[in-house]
$ cat input.cif   # mmCIF, C-alpha atoms
data_upload
loop_
_atom_site.label_atom_id
_atom_site.label_comp_id
_atom_site.auth_asym_id
_atom_site.auth_seq_id
_atom_site.Cartn_x
_atom_site.Cartn_y
_atom_site.Cartn_z
CA MET A 1 156.83 57.99 22.78
CA ARG A 2 158.17 61.36 23.93
CA TRP A 3 157.24 62.80 20.52
CA LEU A 4 153.64 61.66 20.95
CA TYR A 5 153.37 63.41 24.32
CA THR A 6 155.05 66.54 23.01
CA LEU A 7 152.86 66.80 19.92
CA THR A 8 149.67 66.04 21.86
CA GLY A 9 150.60 68.69 24.40
CA ALA A 10 151.31 71.20 21.64
CA PHE A 11 147.95 70.51 20.00
CA LEU A 12 146.01 70.73 23.26
CA GLY A 13 147.94 73.78 24.44
CA SER A 14 147.23 75.62 21.21
CA LEU A 15 143.61 74.50 21.35
CA GLY A 16 143.21 75.76 24.90
CA PHE A 17 144.87 79.05 24.15
CA GLY A 18 142.64 79.42 21.07
CA CYS A 19 139.61 78.99 23.32
CA MET A 20 140.92 81.69 25.65
CA TYR A 21 141.65 83.88 22.63
CA GLY A 22 138.01 83.58 21.52
CA LEU A 23 138.41 81.49 18.37
CA ARG A 24 135.49 79.29 17.37
CA GLY A 25 134.76 76.46 14.98
CA CYS A 26 137.14 75.86 12.12
CA LYS A 27 139.45 78.69 13.16
CA LEU A 28 139.97 77.12 16.59
CA TRP A 29 140.93 73.74 15.11
CA MET A 30 143.19 75.35 12.53
CA ALA A 31 144.97 77.27 15.29
CA ALA A 32 145.52 73.99 17.16
CA LEU A 33 146.84 72.32 14.01
CA THR A 34 149.17 75.27 13.44
CA GLY A 35 150.64 74.78 16.91
CA PHE A 36 150.96 71.07 16.21
CA GLY A 37 152.73 71.75 12.89
CA GLY A 38 155.14 74.23 14.43
CA GLN A 39 156.07 71.77 17.17
CA LEU A 40 156.44 68.96 14.62
CA ALA A 41 158.84 71.06 12.54
CA CYS A 42 160.79 71.88 15.69
CA LEU A 43 161.08 68.21 16.64
CA LEU A 44 162.07 67.12 13.13
CA VAL A 45 164.88 69.66 12.93
CA GLN A 46 165.96 68.76 16.47
CA ALA A 47 166.21 65.10 15.44
CA VAL A 48 168.38 65.90 12.41
CA TRP A 49 170.47 68.70 13.86
CA PRO A 50 170.36 68.98 17.67
CA ASN A 51 170.52 72.76 17.98
CA ASP A 52 167.91 74.54 20.08
CA CYS A 53 168.11 77.83 18.20
CA LEU A 54 167.70 76.25 14.75
CA SER A 55 164.88 73.96 15.84
CA MET A 56 162.95 76.90 17.32
CA LEU A 57 163.63 78.91 14.17
CA ALA A 58 162.22 76.10 12.02
CA GLY A 59 159.18 75.67 14.25
CA SER A 60 158.31 79.35 14.30
CA LEU A 61 159.00 79.70 10.56
CA CYS A 62 156.59 76.86 9.82
CA ALA A 63 153.96 78.17 12.25
CA THR A 64 154.19 81.71 10.86
CA LEU A 65 153.92 80.60 7.22
CA PHE A 66 150.97 78.38 8.06
CA SER A 67 149.32 81.20 10.04
CA GLU A 68 149.74 83.65 7.17
CA GLY A 69 148.23 81.16 4.72
CA LEU A 70 145.28 80.46 7.00
CA ALA A 71 144.75 84.17 7.57
CA ARG A 72 144.28 84.74 3.87
CA LYS A 73 142.14 81.63 3.40
CA LEU A 74 139.84 82.22 6.39
CA LYS A 75 139.90 86.04 6.25
CA THR A 76 141.16 86.38 9.82
CA PRO A 77 144.18 88.26 11.20
CA ALA A 78 147.29 86.09 11.18
CA ALA A 79 147.93 86.97 14.82
CA ALA A 80 144.87 84.93 15.83
CA PHE A 81 146.60 81.76 14.62
CA LEU A 82 150.17 82.77 15.31
CA VAL A 83 149.71 83.56 18.99
CA CYS A 84 148.16 80.13 19.56
CA ALA A 85 150.82 78.39 17.47
CA LEU A 86 153.81 79.92 19.23
CA ILE A 87 152.65 79.01 22.75
CA PRO A 88 154.08 75.45 22.61
CA LEU A 89 157.43 76.79 21.41
CA VAL A 90 157.93 79.28 24.24
CA PRO A 91 160.83 78.05 26.44
CA GLY A 92 158.93 78.33 29.74
CA ARG A 93 160.92 75.64 31.48
CA GLY A 94 164.17 77.32 30.44
CA ILE A 95 163.00 80.64 31.85
CA TYR A 96 161.95 78.99 35.10
CA GLU A 97 165.23 77.09 35.45
CA THR A 98 167.26 80.22 34.66
CA LEU A 99 165.52 82.21 37.38
CA ARG A 100 165.74 79.35 39.87
CA LEU A 101 169.48 78.94 39.28
CA TRP A 102 169.97 82.71 39.42
CA ILE A 103 168.19 82.92 42.79
CA LEU A 104 170.34 80.05 44.09
CA ALA A 105 173.45 81.91 42.82
CA SER A 106 174.47 78.86 40.80
CA PRO A 107 177.28 79.26 38.26
CA GLU A 108 175.13 77.34 35.76
CA ALA A 109 172.62 80.20 35.59
CA GLY A 110 174.55 82.03 32.88
CA MET A 111 174.70 79.00 30.59
CA ARG A 112 171.00 78.29 31.09
CA ALA A 113 170.19 81.95 30.40
CA ARG A 114 172.23 81.84 27.19
CA THR A 115 170.39 78.74 25.97
CA THR A 116 166.98 80.20 26.78
CA PHE A 117 167.88 83.51 25.15
CA LEU A 118 169.01 81.74 21.96
CA GLN A 119 165.78 79.75 21.87
CA GLY A 120 163.80 82.99 22.09
CA CYS A 121 165.96 84.54 19.37
CA GLY A 122 165.29 81.52 17.16
CA ILE A 123 161.54 81.96 17.59
CA ALA A 124 161.74 85.68 16.80
CA ALA A 125 164.02 85.12 13.80
CA GLY A 126 161.68 82.47 12.36
CA CYS A 127 158.71 84.81 12.63
CA LEU A 128 160.69 87.64 11.08
CA VAL A 129 161.96 85.59 8.12
CA ALA A 130 158.52 84.14 7.42
CA ALA A 131 156.86 87.56 7.61
CA ALA A 132 159.46 88.97 5.22
CA LEU A 133 158.90 86.10 2.79
CA VAL A 134 155.14 86.58 2.85
CA LYS A 135 155.50 90.36 2.42
CA THR A 136 157.78 90.05 -0.63
CA TRP A 137 156.05 87.11 -2.31
CA LYS A 138 153.70 88.03 -5.13
CA PRO A 139 151.48 85.48 -6.86
CA ARG A 140 151.83 84.97 -10.60
CA GLY A 141 149.91 87.45 -12.65
CA ALA A 142 149.79 90.02 -9.87
CA SER A 143 150.40 93.58 -10.94
CA SER A 144 153.53 95.34 -9.74
CA ARG A 145 151.48 98.25 -8.39
CA SER A 146 150.41 98.10 -4.77
#

$ encode --input "input.cif" --output "structure tokens"
Amino acid sequence: MRWLYTLTGAFLGSLGFGCMYGLRGCKLWMAALTGFGGQLACLLVQAVWPNDCLSMLAGSLCATLFSEGLARKLKTPAAAFLVCALIPLVPGRGIYETLRLWILASPEAGMRARTTFLQGCGIAAGCLVAAALVKTWKPRGASSRS
């Protein structure tokens, strides 16, 4: 049941952010589905291997690859989809808890900060790997000249 709430929230969050970003029609729904897919990949990896960094990496990798594919298909910048898709993955609660514990001078603040930092690194690494894959991939029959 938690998965249903998480995936619904990811879809609606991406949809709402797409509205704020100015996307319309098919592009808006595709941005919401990209956020849903990224969160689904994150949850699937989390279920198999409970590691926050790897699950965020998988989610952002999936979202970035999907965004790049949609960008080419719909002739829109990939950032339009990617920004909306990464919103559900951002560790906002971790950032809030880190700051709250830091203000309270709790010894747990350092551990919470480490976890949140690794989640952010996982998101960045997934985007980086996916962007590198898209940049180096050439379709069959494509000439070697740029």

$ closest_residue --input "input.cif" --among "A:Ala47, A:Ala41, A:Leu54, A:Cys19" --to "Ala125 (chain A)" --atoms "all atoms listed in the file"
A:Leu54

$ atom_distance --input "input.cif" --atom1 "CA of Val45 (chain A)" --atom2 "CA of Ala71 (chain A)"
25.4 Å

$ resolve_selection --input "input.cif" --expression "the PyMOL selection byres ((chain A and resi 122) around 6)" --output "number ranges by chain"
A: 53, 56-57, 119-121, 123-125

$ write_last_selection --input "input.cif" --atoms "C-alpha atoms" --output "tab-separated table (two decimals), keeping the file's coordinate frame"
chain	number	residue	atom	x	y	z
A	53	CYS	CA	168.11	77.83	18.20
A	56	MET	CA	162.95	76.90	17.32
A	57	LEU	CA	163.63	78.91	14.17
A	119	GLN	CA	165.78	79.75	21.87
A	120	GLY	CA	163.80	82.99	22.09
A	121	CYS	CA	165.96	84.54	19.37
A	123	ILE	CA	161.54	81.96	17.59
A	124	ALA	CA	161.74	85.68	16.80
A	125	ALA	CA	164.02	85.12	13.80

$ residues_around --input "input.cif" --residues "Gly18 (chain A)" --least-positions-apart "4" --cutoff "7 Å" --atoms "only C-alpha atoms" --output "list in words"
Ser14, Gly22, Leu23, Leu28, Ala31 and Cys84 of chain A

$ closest_residue --input "input.cif" --among "A:Ala10, A:Trp102, A:Leu4, A:Cys127" --to "Ala79 (chain A)" --atoms "all atoms listed in the file"
A:Cys127

$ atom_distance --input "input.cif" --atom1 "CA of Gln46 (chain A)" --atom2 "CA of Trp3 (chain A)"
11.3 Å

$ closest_residue --input "input.cif" --among "A:Trp49, A:Trp137, A:Phe81, A:Phe117" --to "Leu15 (chain A)" --atoms "all atoms listed in the file"
A:Phe81

$ residues_around --input "input.cif" --residues "Ser67 (chain A)" --least-positions-apart "3" --cutoff "12 Å" --atoms "all atoms listed in the file" --output "compact mmCIF listing (two decimals) with C-alpha atoms, keeping the file's coordinate frame"
# COMPACT_ATOMS: atom_id res chain seq x y z
CA LYS A 27 139.45 78.69 13.16
CA MET A 30 143.19 75.35 12.53
CA ALA A 31 144.97 77.27 15.29
CA ALA A 32 145.52 73.99 17.16
CA LEU A 33 146.84 72.32 14.01
CA THR A 34 149.17 75.27 13.44
CA GLY A 35 150.64 74.78 16.91
CA PHE A 36 150.96 71.07 16.21
CA GLY A 37 152.73 71.75 12.89
CA GLY A 38 155.14 74.23 14.43
CA SER A 60 158.31 79.35 14.30
CA LEU A 61 159.00 79.70 10.56
CA CYS A 62 156.59 76.86 9.82
CA ALA A 63 153.96 78.17 12.25
CA THR A 64 154.19 81.71 10.86
CA LEU A 70 145.28 80.46 7.00
CA ALA A 71 144.75 84.17 7.57
CA ARG A 72 144.28 84.74 3.87
CA LYS A 73 142.14 81.63 3.40
CA LEU A 74 139.84 82.22 6.39
CA LYS A 75 139.90 86.04 6.25
CA THR A 76 141.16 86.38 9.82
CA PRO A 77 144.18 88.26 11.20
CA ALA A 78 147.29 86.09 11.18
CA ALA A 79 147.93 86.97 14.82
CA ALA A 80 144.87 84.93 15.83
CA PHE A 81 146.60 81.76 14.62
CA LEU A 82 150.17 82.77 15.31
CA VAL A 83 149.71 83.56 18.99
CA CYS A 84 148.16 80.13 19.56
CA ALA A 85 150.82 78.39 17.47
CA LEU A 86 153.81 79.92 19.23
CA CYS A 127 158.71 84.81 12.63
CA ALA A 130 158.52 84.14 7.42
CA ALA A 131 156.86 87.56 7.61
CA VAL A 134 155.14 86.58 2.85

$ atom_distance --input "input.cif" --atom1 "CA of Gly94 (chain A)" --atom2 "CA of Thr116 (chain A)"
5.4 Å

$ closest_residue --input "input.cif" --among "A:Leu65, A:Met111, A:Cys26, A:Leu43" --to "Leu89 (chain A)" --atoms "only C-alpha atoms"
A:Leu43

$ decode --input "input.cif" --residues "region 77-97 of chain A" --atoms "N, CA and C atoms" --output "tab-separated table (two decimals), in the first residue's frame"
chain	number	residue	atom	x	y	z
A	77	PRO	N	13.35	20.24	-25.24
A	77	PRO	CA	14.56	20.04	-24.43
A	77	PRO	C	14.34	18.98	-23.35
A	78	ALA	N	15.35	18.17	-23.13
A	78	ALA	CA	15.26	17.10	-22.14
A	78	ALA	C	15.05	17.65	-20.73
A	79	ALA	N	15.54	18.84	-20.48
A	79	ALA	CA	15.40	19.44	-19.15
A	79	ALA	C	13.94	19.65	-18.77
A	80	ALA	N	13.07	19.86	-19.75
A	80	ALA	CA	11.65	20.05	-19.47
A	80	ALA	C	11.06	18.82	-18.79
A	81	PHE	N	11.48	17.63	-19.21
A	81	PHE	CA	11.00	16.40	-18.61
A	81	PHE	C	11.81	16.03	-17.38
A	82	LEU	N	13.11	16.26	-17.45
A	82	LEU	CA	13.99	15.81	-16.38
A	82	LEU	C	13.77	16.56	-15.07
A	83	VAL	N	13.55	17.84	-15.16
A	83	VAL	CA	13.30	18.63	-13.94
A	83	VAL	C	12.05	18.12	-13.23
A	84	CYS	N	11.01	17.85	-13.99
A	84	CYS	CA	9.77	17.34	-13.40
A	84	CYS	C	9.96	15.93	-12.85
A	85	ALA	N	10.77	15.13	-13.52
A	85	ALA	CA	10.94	13.73	-13.11
A	85	ALA	C	11.81	13.59	-11.87
A	86	LEU	N	12.73	14.50	-11.65
A	86	LEU	CA	13.63	14.37	-10.50
A	86	LEU	C	13.04	14.93	-9.21
A	87	ILE	N	11.96	15.69	-9.31
A	87	ILE	CA	11.34	16.27	-8.11
A	87	ILE	C	10.95	15.20	-7.09
A	88	PRO	N	10.31	14.09	-7.47
A	88	PRO	CA	9.95	13.10	-6.46
A	88	PRO	C	11.16	12.41	-5.82
A	89	LEU	N	12.31	12.44	-6.47
A	89	LEU	CA	13.49	11.77	-5.94
A	89	LEU	C	14.28	12.63	-4.95
A	90	VAL	N	14.06	13.92	-4.97
A	90	VAL	CA	14.83	14.83	-4.11
A	90	VAL	C	14.58	14.48	-2.64
A	91	PRO	N	15.64	14.29	-1.86
A	91	PRO	CA	15.46	13.88	-0.45
A	91	PRO	C	15.11	15.06	0.46
A	92	GLY	N	13.94	15.64	0.26
A	92	GLY	CA	13.53	16.81	1.04
A	92	GLY	C	13.38	16.52	2.52
A	93	ARG	N	12.81	15.37	2.83
A	93	ARG	CA	12.66	15.02	4.25
A	93	ARG	C	14.02	14.85	4.91
A	94	GLY	N	14.97	14.25	4.20
A	94	GLY	CA	16.31	14.06	4.75
A	94	GLY	C	17.00	15.39	5.01
A	95	ILE	N	16.81	16.33	4.11
A	95	ILE	CA	17.40	17.66	4.30
A	95	ILE	C	16.77	18.35	5.51
A	96	TYR	N	15.45	18.26	5.61
A	96	TYR	CA	14.75	18.86	6.75
A	96	TYR	C	15.21	18.25	8.06
A	97	GLU	N	15.25	16.91	8.11
A	97	GLU	CA	15.66	16.23	9.35
A	97	GLU	C	17.11	16.55	9.71
